Each structure stands twice: as structure tokens, then as C-alpha cells.
$ cat start_36.txt   # compact mmCIF, C-alpha atoms
# COMPACT_ATOMS: atom_id res chain seq x y z
CA MET A 1 64.92 180.66 174.99
CA SER A 2 63.17 181.91 171.83
CA LYS A 3 60.72 179.83 169.83
CA ASN A 4 63.03 179.84 166.80
CA LEU A 5 65.93 178.51 168.87
CA ILE A 6 63.74 175.80 170.36
CA ILE A 7 62.66 174.76 166.86
CA GLN A 8 66.29 174.68 165.74
CA ASN A 9 67.23 172.47 168.69
CA ILE A 10 64.38 170.05 167.99
CA SER A 11 65.34 169.93 164.31
CA ALA A 12 68.96 169.15 165.20
CA LEU A 13 67.92 166.36 167.56
CA LYS A 14 65.70 164.85 164.83
CA SER A 15 68.34 165.06 162.11
CA HIS A 16 69.34 161.39 162.46
CA LEU A 17 65.76 160.20 161.90
CA SER A 18 64.04 159.31 158.63
CA ILE A 19 60.67 158.34 160.09
CA ASN A 20 57.52 158.95 158.07
CA TYR A 21 54.83 158.86 160.75
CA GLY A 22 52.06 158.66 158.15
CA ILE A 23 52.87 154.99 157.64
CA LYS A 24 51.06 154.15 160.90
CA THR A 25 47.79 155.57 159.60
CA LYS A 26 48.23 153.83 156.25
CA VAL A 27 48.81 150.46 157.96
CA GLU A 28 45.74 150.94 160.14
CA ASP A 29 43.65 151.76 157.05
CA PHE A 30 45.07 148.73 155.26
CA THR A 31 44.31 146.45 158.20
CA GLU A 32 40.69 147.57 158.47
CA LYS A 33 40.20 147.34 154.69
CA LEU A 34 41.70 143.85 154.71
CA PHE A 35 39.43 142.67 157.54
CA TYR A 36 36.40 144.12 155.72
CA THR A 37 37.40 142.49 152.43
CA LEU A 38 37.79 139.04 153.97
CA PHE A 39 34.76 138.98 156.25
CA ASP A 40 32.03 141.30 154.99
CA SER A 41 29.72 139.34 152.67
CA ASN A 42 28.84 142.56 150.83
CA ALA A 43 32.42 143.62 150.14
CA PRO A 44 33.00 144.20 146.38
CA LEU A 45 36.02 141.92 146.05
CA ASN A 46 37.49 143.24 142.81
CA GLN A 47 37.32 146.84 143.98
CA SER A 48 38.51 146.02 147.49
CA VAL A 49 41.51 144.04 146.25
CA GLU A 50 42.51 146.92 143.97
CA GLU A 51 42.26 149.36 146.89
CA LEU A 52 44.32 147.02 149.05
CA GLU A 53 46.99 146.78 146.37
CA THR A 54 47.23 150.57 146.18
CA LEU A 55 47.57 150.88 149.97
CA PHE A 56 50.05 148.01 150.15
CA LYS A 57 52.34 149.62 147.59
CA GLU A 58 52.11 153.03 149.27
CA ILE A 59 53.20 151.41 152.53
CA SER A 60 55.93 149.42 150.79
CA LYS A 61 57.49 152.60 149.42
CA ILE A 62 58.06 153.68 153.02
CA ALA A 63 58.57 150.38 154.83
CA CYS A 64 60.22 148.05 152.32
CA LYS A 65 64.02 148.22 152.28
CA LYS A 66 64.51 146.06 149.17
CA THR A 67 64.54 147.01 145.50
CA PRO A 68 61.31 148.54 144.13
CA GLU A 69 60.75 145.42 142.02
CA LEU A 70 60.93 143.11 145.03
CA CYS A 71 58.76 145.44 147.13
CA ASP A 72 56.07 145.58 144.46
CA GLY A 73 56.30 141.83 143.93
CA ALA A 74 55.56 141.23 147.61
CA TRP A 75 51.95 142.25 147.00
CA ASN A 76 51.39 139.35 144.60
CA GLN A 77 52.90 136.90 147.08
CA PHE A 78 50.76 138.28 149.89
CA LEU A 79 47.61 138.16 147.74
CA GLU A 80 48.25 134.53 146.82
CA MET A 81 48.27 133.58 150.52
CA LEU A 82 44.95 135.24 151.42
CA PRO A 83 42.68 132.25 150.55
CA SER A 84 44.70 129.88 152.76
CA VAL A 85 44.78 132.44 155.58
CA LEU A 86 41.01 132.89 155.33
CA GLU A 87 40.55 129.11 155.44
CA LYS A 88 42.51 128.96 158.70
CA LEU A 89 40.56 131.87 160.17
CA ASN A 90 37.24 130.22 159.37
CA LEU A 91 38.46 127.18 161.32
CA ASP A 92 39.49 129.45 164.21
CA ALA A 93 36.05 131.10 164.27
CA GLU A 94 34.26 127.74 164.29
CA TYR A 95 36.51 126.52 167.10
CA ILE A 96 35.68 129.58 169.18
CA LEU A 97 31.96 129.10 168.56
CA GLU A 98 32.18 125.41 169.57
CA ASN A 99 34.13 126.03 172.77
CA ASP A 100 32.79 129.27 174.24
CA PRO A 101 29.40 128.80 175.97
CA ALA A 102 28.87 132.56 175.77
CA SER A 103 28.99 132.60 171.96
CA ASN A 104 25.63 132.72 170.22
CA SER A 105 26.46 132.76 166.51
CA ILE A 106 29.33 132.71 164.06
CA ASP A 107 28.55 136.33 163.15
CA GLU A 108 29.11 137.30 166.77
CA VAL A 109 32.55 135.69 166.70
CA TYR A 110 33.62 137.50 163.54
CA LEU A 111 32.21 140.87 164.58
CA GLY A 112 32.47 141.01 168.35
CA TYR A 113 35.32 138.82 169.60
CA PRO A 114 38.61 140.62 170.29
CA GLY A 115 40.32 137.23 170.47
CA PHE A 116 39.27 136.42 166.93
CA TYR A 117 40.34 139.86 165.71
CA ALA A 118 43.75 139.39 167.33
CA ILE A 119 44.14 135.96 165.72
CA ALA A 120 43.06 137.31 162.32
CA ILE A 121 45.53 140.18 162.32
CA TYR A 122 48.26 137.85 163.58
CA ARG A 123 47.71 135.45 160.69
CA LEU A 124 47.78 138.28 158.16
CA SER A 125 50.81 140.03 159.68
CA HIS A 126 52.58 136.66 159.87
CA GLU A 127 52.50 136.46 156.07
CA LEU A 128 54.16 139.89 155.90
CA TYR A 129 56.75 138.71 158.41
CA LEU A 130 57.55 135.71 156.22
CA LEU A 131 58.01 138.12 153.29
CA ASP A 132 60.60 139.98 155.40
CA MET A 133 58.37 143.09 155.55
CA LEU A 134 59.16 143.47 159.23
CA LEU A 135 58.11 147.08 159.88
CA PHE A 136 54.83 146.54 158.00
CA SER A 137 54.06 143.38 159.99
CA ARG A 138 55.04 145.01 163.29
CA LEU A 139 52.77 148.01 162.74
CA MET A 140 49.88 145.72 161.85
CA SER A 141 50.48 143.65 164.99
CA GLU A 142 50.68 146.75 167.15
CA TYR A 143 47.41 148.04 165.72
CA ALA A 144 45.71 144.80 166.79
CA HIS A 145 47.46 145.13 170.18
CA GLN A 146 46.04 148.63 170.55
CA ILE A 147 42.52 147.48 169.64
CA THR A 148 42.37 144.20 171.59
CA GLY A 149 44.99 144.37 174.36
CA THR A 150 46.53 141.20 172.90
CA ASP A 151 50.21 141.24 171.90
CA ILE A 152 51.00 138.50 169.38
CA HIS A 153 54.33 138.86 167.61
CA ALA A 154 53.97 138.33 163.86
CA GLY A 155 56.87 135.86 163.93
CA ALA A 156 55.10 133.35 166.18
CA THR A 157 54.05 130.03 164.61
CA ILE A 158 50.41 129.24 165.47
CA ALA A 159 48.45 126.35 163.97
CA SER A 160 44.72 126.38 163.31
CA PRO A 161 42.29 126.05 164.95
CA PHE A 162 43.28 128.32 167.84
CA PHE A 163 41.09 129.84 170.56
CA ILE A 164 41.67 133.03 172.58
CA ASP A 165 38.99 133.91 175.13
CA HIS A 166 38.60 137.46 176.48
CA ALA A 167 41.98 138.31 174.95
CA THR A 168 43.08 141.16 177.24
CA GLY A 169 46.66 140.98 178.46
CA ILE A 170 47.84 138.00 176.41
CA VAL A 171 51.49 138.12 175.25
CA ILE A 172 52.88 135.66 172.68
CA GLY A 173 56.56 136.06 171.80
CA GLU A 174 58.26 135.91 168.41
CA THR A 175 59.62 132.34 168.54
CA THR A 176 56.58 130.78 170.22
CA VAL A 177 55.21 127.63 168.59
CA ILE A 178 51.57 126.71 169.20
CA GLU A 179 50.08 123.54 167.75
CA LYS A 180 46.43 123.04 166.83
CA ASN A 181 43.44 122.97 169.21
CA VAL A 182 45.07 125.17 171.86
CA LYS A 183 42.98 127.46 174.09
CA LEU A 184 44.32 130.55 175.87
CA TYR A 185 42.55 132.75 178.41
CA GLN A 186 43.20 136.34 179.42
CA GLY A 187 46.54 137.39 180.86
CA VAL A 188 48.55 134.40 179.57
CA THR A 189 52.22 135.11 178.80
CA LEU A 190 54.29 132.91 176.49
CA GLY A 191 57.58 134.70 176.91
CA ALA A 192 61.36 134.54 177.20
CA LEU A 193 63.32 133.71 180.34
CA SER A 194 65.70 136.58 179.72
CA VAL A 195 66.13 139.47 177.30
CA SER A 196 69.46 139.82 175.53
CA LYS A 197 70.19 141.10 172.02
CA ASP A 198 72.54 138.22 171.29
CA MET A 199 69.55 135.84 171.57
CA LYS A 200 67.83 137.43 168.58
CA ASN A 201 68.15 134.41 166.29
CA SER A 202 67.58 131.76 168.95
CA LYS A 203 64.43 130.01 170.19
CA ARG A 204 63.46 132.15 173.19
CA HIS A 205 59.79 131.34 173.70
CA PRO A 206 57.84 128.18 174.61
CA THR A 207 56.32 125.45 172.50
CA VAL A 208 52.70 124.47 173.25
CA GLU A 209 51.65 121.13 171.83
CA LYS A 210 48.17 120.25 170.58
CA ASN A 211 45.01 120.11 172.70
CA VAL A 212 46.43 122.23 175.53
CA CYS A 213 44.29 124.61 177.60
CA ILE A 214 46.04 127.46 179.45
CA TYR A 215 43.94 129.37 181.98
CA ALA A 216 44.07 133.02 183.00
CA ASN A 217 47.32 134.73 184.02
CA ALA A 218 49.53 131.67 183.57
CA THR A 219 53.14 132.56 182.70
CA ILE A 220 55.21 130.14 180.62
CA LEU A 221 58.80 131.13 179.81
CA GLY A 222 61.81 129.86 177.90
CA GLY A 223 62.69 128.52 174.47
CA GLU A 224 63.37 125.04 175.80
CA THR A 225 60.05 124.89 177.66
CA THR A 226 57.45 122.60 176.07
CA ILE A 227 53.90 122.07 177.29
CA GLY A 228 53.02 118.49 176.40
CA LYS A 229 49.89 117.69 174.45
CA ASP A 230 46.52 117.23 176.17
CA SER A 231 47.67 119.16 179.24
CA VAL A 232 45.76 121.72 181.31
CA ILE A 233 47.66 124.65 182.81
CA GLY A 234 45.82 126.26 185.72
CA GLY A 235 45.47 129.96 186.35
CA ASN A 236 48.30 132.02 187.92
CA THR A 237 50.89 129.29 187.41
CA TRP A 238 54.55 130.08 186.70
CA ILE A 239 56.33 127.58 184.43
CA THR A 240 59.96 127.59 183.27
CA LYS A 241 60.47 123.85 182.67
CA SER A 242 58.83 121.42 180.25
CA ILE A 243 55.60 119.72 181.26
CA PRO A 244 54.86 116.11 180.19
CA GLU A 245 51.81 115.39 178.04
CA LYS A 246 48.46 114.85 179.78
CA SER A 247 49.54 116.91 182.80
CA LEU A 248 47.38 119.02 185.09
CA VAL A 249 49.36 121.97 186.50
CA THR A 250 47.86 124.02 189.32
CA ASN A 251 48.91 126.82 191.62
CA THR A 252 49.08 125.41 195.14
CA THR A 253 48.70 128.76 196.90
CA ILE A 254 45.87 128.49 199.42
CA THR A 255 43.49 131.40 199.79
CA GLU A 256 42.05 131.67 203.28
CA VAL A 257 38.63 133.23 203.71
CA LYS A 258 37.56 134.69 207.05
CA ILE A 259 34.15 136.10 207.81
CA LYS A 260 34.29 139.35 209.71
CA GLU A 261 31.65 139.76 212.37
CA LEU A 262 30.02 143.18 212.41
CA LYS A 263 29.58 144.75 215.84
$ encode --input "start_36.txt" --output "C-alpha cells"
Amino acid sequence: MSKNLIIQNISALKSHLSINYGIKTKVEDFTEKLFYTLFDSNAPLNQSVEELETLFKEISKIACKKTPELCDGAWNQFLEMLPSVLEKLNLDAEYILENDPASNSIDEVYLGYPGFYAIAIYRLSHELYLLDMLLFSRLMSEYAHQITGTDIHAGATIASPFFIDHATGIVIGETTVIEKNVKLYQGVTLGALSVSKDMKNSKRHPTVEKNVCIYANATILGGETTIGKDSVIGGNTWITKSIPEKSLVTNTTITEVKIKELK
């Protein structure tokens, strides 16, 4: 088959698509600029906000499916929410510093903690989600997923303060509700019991009440599943039913250790 024919075939197979792949790069640039603007003490705020507005509107031209007036107006709504988002993130950072014995300073949390980065981008993408800018919010979430290994859907509802330690492998679904003072460790899944398109507008993911600690690789599934306040969920547990408050849930699997004698 000739090169020209191959190109024609590819073109025909792409004819139903209207994807502008450059939006991914623009969203990544926007995300990094946003993080810099909010957390770098030397960031020139007036200049940075103007640059963010320009990027936001460039992305909106591709991602926003509403009228141009509504798409442009979304920037002002998003900008108005940034102080309250930053206030929540400062609480998150302090909570991480207070609860992680490995943390040495607040600067270390802001600069070097993938869990904090994942929380920050979640909180920012959540505001886009609430503005019905779903592609924009999804691309921002996926950029954080790529960087941190943490998959938090922008639609989740997560109170502050919130603590993620180590971050890698955490999955938090779209309809998850997490109350304040919750701690998650690596590999935790807050997911759905089943996947079906007709469940799109239903509560598919768990609710975690306040002051709950969930240890590594625990899996909690289902929209009717609630983890009661002040509970501790042990590592490698599998939960599909609600847990009363002040519960301690552990995996009862016994690991047997034998010492092999060398001959």
C-alpha cells in the first residue's frame, strides 16, 4: 500500500473527530502557572493573573461548549473562587505538616508532597467542574494524575482539611463525599460497586465521615456505603457495606512466617 493511500485511509478514519490536541499542553501550562501564582511568594500577582486569564480563555475557545459570552464569563467566576480555594489548601498543608512525622517544614509540604499537589489540583479542577467546564476540569485532573499517580475525579466533594500520604495509587470517584479531617494512605480506592452508563447521575461512590483514617490499599465501594466518623480502616481491607462510627476494621488474613534452615 502506498504512503498516499495510507494517509488517505487515516484521514478518512479521523473524519468524525474534532479534537484539538494542543488543548492538553495549554491545560498543563495553565495548571503549572496557577500553582506558581498561588504558592510562590515571589509571583507577580497582577501579571500572573493576566497570563492565567489569557490561557483560560484560549482553553475555553476549544473546551467550552456554551456561548462565547458564557465561556468568557467563566473566568471571572473561577477567579472569584481562588481566595477561598487557597484558604482551604493552606489548611490542608498545615494538616499534613501536623500529622506526618516525616514532614520537616511547611515549605516541604507545598513543594515536595505529591499528596498536597494532588489535593491542590483537585480543589482547582473542582471549581471548573462546578462551572460545567468538564473537559477543562478532566484534563487538569489527569495532569495531576500523571504527575502524582493519584486519580481524584474533579466532581468529588472533599472538605478541608484533608491529608493524603505518599499518594501513589489512590483513586477517588466522581460522587465520593469526604468530610473534614480524613487521612488516606497509598493505594486506597473509593470506587463504585459496578460500572454502568445508566448510573451516571446516581451516587456511585462512598461517603467518608469526619476524622476517619484509611490505611494503605483499602478498597471501599458503593454509593450507599458510609464510613462512620472517628473510624480506622486497616490496610488491605475490602468494604462494600456501611461501617458504624468509631469502628476499627482490620483484615483478618494471617501471614505465616517460617524460617528456612540453610544446609
$ residues_around --input "start_36.txt" --residues "A:Ile227" --least-positions-apart "2" --cutoff "6 Å" --atoms "only C-alpha atoms" --output "list in words"
Val208, Glu209, Ser242 and Ile243 of chain A
$ closest_atom_pairs --input "start_36.txt" --of "stretch 198-225 of chain A" --to "stretch 153-167 of chain A" --cutoff "10 Å" --atoms "all atoms listed in the file" --output "tab-separated table"
residue	atom	partner	partner_atom	distance
A:His205	CA	A:Ala156	CA	9.1
A:Thr207	CA	A:Thr157	CA	9.4
A:Val208	CA	A:Ile158	CA	9.4
A:Glu209	CA	A:Ala159	CA	10.0
A:Lys210	CA	A:Ala159	CA	9.0
A:Asn211	CA	A:Phe162	CA	9.7
A:Cys213	CA	A:Phe163	CA	9.3
A:Ile214	CA	A:Ile164	CA	9.9
A:Tyr215	CA	A:Asp165	CA	9.6
A:Ala216	CA	A:Asp165	CA	9.4
$ closest_residue --input "start_36.txt" --among "A:Met81, A:Val49, A:Ile170, A:Val182" --to "A:Lys33" --atoms "all atoms listed in the file"
A:Val49
$ closest_residue --input "start_36.txt" --among "A:Phe136, A:Lys200, A:Gln186, A:Asn4" --to "A:Leu55" --atoms "only C-alpha atoms"
A:Phe136
$ residues_around --input "start_36.txt" --residues "A:Gly234" --least-positions-apart "4" --cutoff "12 Å" --atoms "only C-alpha atoms" --output "ChimeraX atom specification"
/A:184-185,188,212-220,238-239,247-253
$ closest_residue --input "start_36.txt" --among "A:Asn181, A:Leu135, A:Tyr122, A:Gln8" --to "A:Glu94" --atoms "only C-alpha atoms"
A:Asn181
$ residues_around --input "start_36.txt" --residues "A:Gly73" --least-positions-apart "4" --cutoff "12 Å" --atoms "all atoms listed in the file" --output "PDB file with C-alpha atoms, keeping the file's coordinate frame"
ATOM      1  CA  GLU A  53      46.990 146.780 146.370  1.00  0.00           C
ATOM      2  CA  PHE A  56      50.050 148.010 150.150  1.00  0.00           C
ATOM      3  CA  LYS A  57      52.340 149.620 147.590  1.00  0.00           C
ATOM      4  CA  SER A  60      55.930 149.420 150.790  1.00  0.00           C
ATOM      5  CA  CYS A  64      60.220 148.050 152.320  1.00  0.00           C
ATOM      6  CA  LYS A  66      64.510 146.060 149.170  1.00  0.00           C
ATOM      7  CA  THR A  67      64.540 147.010 145.500  1.00  0.00           C
ATOM      8  CA  PRO A  68      61.310 148.540 144.130  1.00  0.00           C
ATOM      9  CA  GLU A  69      60.750 145.420 142.020  1.00  0.00           C
ATOM     10  CA  GLN A  77      52.900 136.900 147.080  1.00  0.00           C
ATOM     11  CA  PHE A  78      50.760 138.280 149.890  1.00  0.00           C
ATOM     12  CA  LEU A  79      47.610 138.160 147.740  1.00  0.00           C
ATOM     13  CA  GLU A  80      48.250 134.530 146.820  1.00  0.00           C
ATOM     14  CA  LEU A 131      58.010 138.120 153.290  1.00  0.00           C
ATOM     15  CA  MET A 133      58.370 143.090 155.550  1.00  0.00           C
TER      16      MET A 133
END
$ atom_distance --input "start_36.txt" --atom1 "atom CA of A:Leu17" --atom2 "atom CA of A:Glu58"
19.9 Å
$ atom_distance --input "start_36.txt" --atom1 "atom CA of A:Lys24" --atom2 "atom CA of A:Ser141"
11.3 Å
$ residues_near_point --input "start_36.txt" --point "(51.5, 118.5, 179.4)" --cutoff "7 Å" --atoms "only C-alpha atoms" --output "list in words"
Ile227, Gly228, Lys229, Asp230, Ser231, Val232, Ile243, Pro244, Glu245, Lys246 and Ser247 of chain A
$ write_last_selection --input "start_36.txt" --atoms "C-alpha atoms" --output "PDB file, in the frame of the given file"
ATOM      1  CA  ILE A 227      53.900 122.070 177.290  1.00  0.00           C
ATOM      2  CA  GLY A 228      53.020 118.490 176.400  1.00  0.00           C
ATOM      3  CA  LYS A 229      49.890 117.690 174.450  1.00  0.00           C
ATOM      4  CA  ASP A 230      46.520 117.230 176.170  1.00  0.00           C
ATOM      5  CA  SER A 231      47.670 119.160 179.240  1.00  0.00           C
ATOM      6  CA  VAL A 232      45.760 121.720 181.310  1.00  0.00           C
ATOM      7  CA  ILE A 243      55.600 119.720 181.260  1.00  0.00           C
ATOM      8  CA  PRO A 244      54.860 116.110 180.190  1.00  0.00           C
ATOM      9  CA  GLU A 245      51.810 115.390 178.040  1.00  0.00           C
ATOM     10  CA  LYS A 246      48.460 114.850 179.780  1.00  0.00           C
ATOM     11  CA  SER A 247      49.540 116.910 182.800  1.00  0.00           C
TER      12      SER A 247
END
$ atom_distance --input "start_36.txt" --atom1 "atom CA of A:Thr176" --atom2 "atom CA of A:Asn90"
22.2 Å
$ residues_near_point --input "start_36.txt" --point "(65.0, 131.3, 169.5)" --cutoff "10 Å" --atoms "all atoms listed in the file" --output "PyMOL selection string"
chain A and resi 173-176+192+199-206+222-224
$ build_atoms --input "start_36.txt" --residues "stretch 182-204 of chain A" --atoms "N, CA, C and O atoms" --output "mmCIF file, keeping the file's coordinate frame"
data_model
loop_
_atom_site.group_PDB
_atom_site.id
_atom_site.type_symbol
_atom_site.label_atom_id
_atom_site.label_comp_id
_atom_site.auth_asym_id
_atom_site.auth_seq_id
_atom_site.Cartn_x
_atom_site.Cartn_y
_atom_site.Cartn_z
ATOM 1 N N VAL A 182 44.608 124.570 170.604
ATOM 2 C CA VAL A 182 45.070 125.170 171.860
ATOM 3 C C VAL A 182 44.125 126.294 172.252
ATOM 4 O O VAL A 182 43.665 127.052 171.401
ATOM 5 N N LYS A 183 43.840 126.405 173.557
ATOM 6 C CA LYS A 183 42.980 127.460 174.090
ATOM 7 C C LYS A 183 43.772 128.296 175.094
ATOM 8 O O LYS A 183 44.419 127.752 175.988
ATOM 9 N N LEU A 184 43.683 129.616 174.939
ATOM 10 C CA LEU A 184 44.320 130.550 175.870
ATOM 11 C C LEU A 184 43.267 131.477 176.466
ATOM 12 O O LEU A 184 42.362 131.928 175.756
ATOM 13 N N TYR A 185 43.428 131.785 177.745
ATOM 14 C CA TYR A 185 42.550 132.750 178.410
ATOM 15 C C TYR A 185 43.347 134.016 178.754
ATOM 16 O O TYR A 185 44.560 134.075 178.599
ATOM 17 N N GLN A 186 42.623 135.014 179.232
ATOM 18 C CA GLN A 186 43.200 136.340 179.420
ATOM 19 C C GLN A 186 44.431 136.320 180.327
ATOM 20 O O GLN A 186 44.529 135.533 181.256
ATOM 21 N N GLY A 187 45.367 137.211 180.013
ATOM 22 C CA GLY A 187 46.540 137.390 180.860
ATOM 23 C C GLY A 187 47.633 136.359 180.696
ATOM 24 O O GLY A 187 48.635 136.412 181.425
ATOM 25 N N VAL A 188 47.512 135.427 179.763
ATOM 26 C CA VAL A 188 48.550 134.400 179.570
ATOM 27 C C VAL A 188 49.775 135.033 178.905
ATOM 28 O O VAL A 188 49.659 135.810 177.958
ATOM 29 N N THR A 189 50.959 134.671 179.404
ATOM 30 C CA THR A 189 52.220 135.110 178.800
ATOM 31 C C THR A 189 53.005 133.896 178.327
ATOM 32 O O THR A 189 53.267 132.975 179.104
ATOM 33 N N LEU A 190 53.367 133.892 177.049
ATOM 34 C CA LEU A 190 54.290 132.910 176.490
ATOM 35 C C LEU A 190 55.537 133.700 176.106
ATOM 36 O O LEU A 190 55.622 134.275 175.022
ATOM 37 N N GLY A 191 56.483 133.758 177.037
ATOM 38 C CA GLY A 191 57.580 134.700 176.910
ATOM 39 C C GLY A 191 58.952 134.076 177.024
ATOM 40 O O GLY A 191 59.116 132.859 177.069
ATOM 41 N N ALA A 192 59.964 134.956 177.082
ATOM 42 C CA ALA A 192 61.360 134.540 177.200
ATOM 43 C C ALA A 192 61.801 134.575 178.658
ATOM 44 O O ALA A 192 61.304 135.382 179.446
ATOM 45 N N LEU A 193 62.769 133.726 178.985
ATOM 46 C CA LEU A 193 63.320 133.710 180.340
ATOM 47 C C LEU A 193 64.189 134.923 180.607
ATOM 48 O O LEU A 193 64.275 135.406 181.726
ATOM 49 N N SER A 194 64.853 135.404 179.580
ATOM 50 C CA SER A 194 65.700 136.580 179.720
ATOM 51 C C SER A 194 65.700 137.349 178.420
ATOM 52 O O SER A 194 65.348 136.824 177.371
ATOM 53 N N VAL A 195 66.097 138.614 178.489
ATOM 54 C CA VAL A 195 66.130 139.470 177.300
ATOM 55 C C VAL A 195 67.564 139.903 177.049
ATOM 56 O O VAL A 195 68.170 140.596 177.856
ATOM 57 N N SER A 196 68.108 139.462 175.914
ATOM 58 C CA SER A 196 69.460 139.820 175.530
ATOM 59 C C SER A 196 69.536 139.873 174.009
ATOM 60 O O SER A 196 69.024 138.981 173.329
ATOM 61 N N LYS A 197 70.151 140.909 173.462
ATOM 62 C CA LYS A 197 70.190 141.100 172.020
ATOM 63 C C LYS A 197 70.876 139.948 171.298
ATOM 64 O O LYS A 197 70.526 139.619 170.158
ATOM 65 N N ASP A 198 71.828 139.301 171.956
ATOM 66 C CA ASP A 198 72.540 138.220 171.290
ATOM 67 C C ASP A 198 71.696 136.955 171.151
ATOM 68 O O ASP A 198 72.117 135.979 170.529
ATOM 69 N N MET A 199 70.470 136.974 171.714
ATOM 70 C CA MET A 199 69.550 135.840 171.570
ATOM 71 C C MET A 199 68.580 136.038 170.413
ATOM 72 O O MET A 199 67.665 135.247 170.237
ATOM 73 N N LYS A 200 68.788 137.065 169.614
ATOM 74 C CA LYS A 200 67.830 137.430 168.580
ATOM 75 C C LYS A 200 67.451 136.271 167.659
ATOM 76 O O LYS A 200 66.286 136.089 167.320
ATOM 77 N N ASN A 201 68.418 135.474 167.242
ATOM 78 C CA ASN A 201 68.150 134.410 166.290
ATOM 79 C C ASN A 201 67.981 133.040 166.943
ATOM 80 O O ASN A 201 68.052 132.012 166.264
ATOM 81 N N SER A 202 67.748 133.025 168.244
ATOM 82 C CA SER A 202 67.580 131.760 168.950
ATOM 83 C C SER A 202 66.130 131.567 169.364
ATOM 84 O O SER A 202 65.340 132.501 169.380
ATOM 85 N N LYS A 203 65.780 130.336 169.707
ATOM 86 C CA LYS A 203 64.430 130.010 170.190
ATOM 87 C C LYS A 203 64.320 130.466 171.630
ATOM 88 O O LYS A 203 64.912 129.908 172.533
ATOM 89 N N ARG A 204 63.538 131.524 171.858
ATOM 90 C CA ARG A 204 63.460 132.150 173.190
ATOM 91 C C ARG A 204 62.147 131.903 173.895
ATOM 92 O O ARG A 204 62.031 132.146 175.092
#
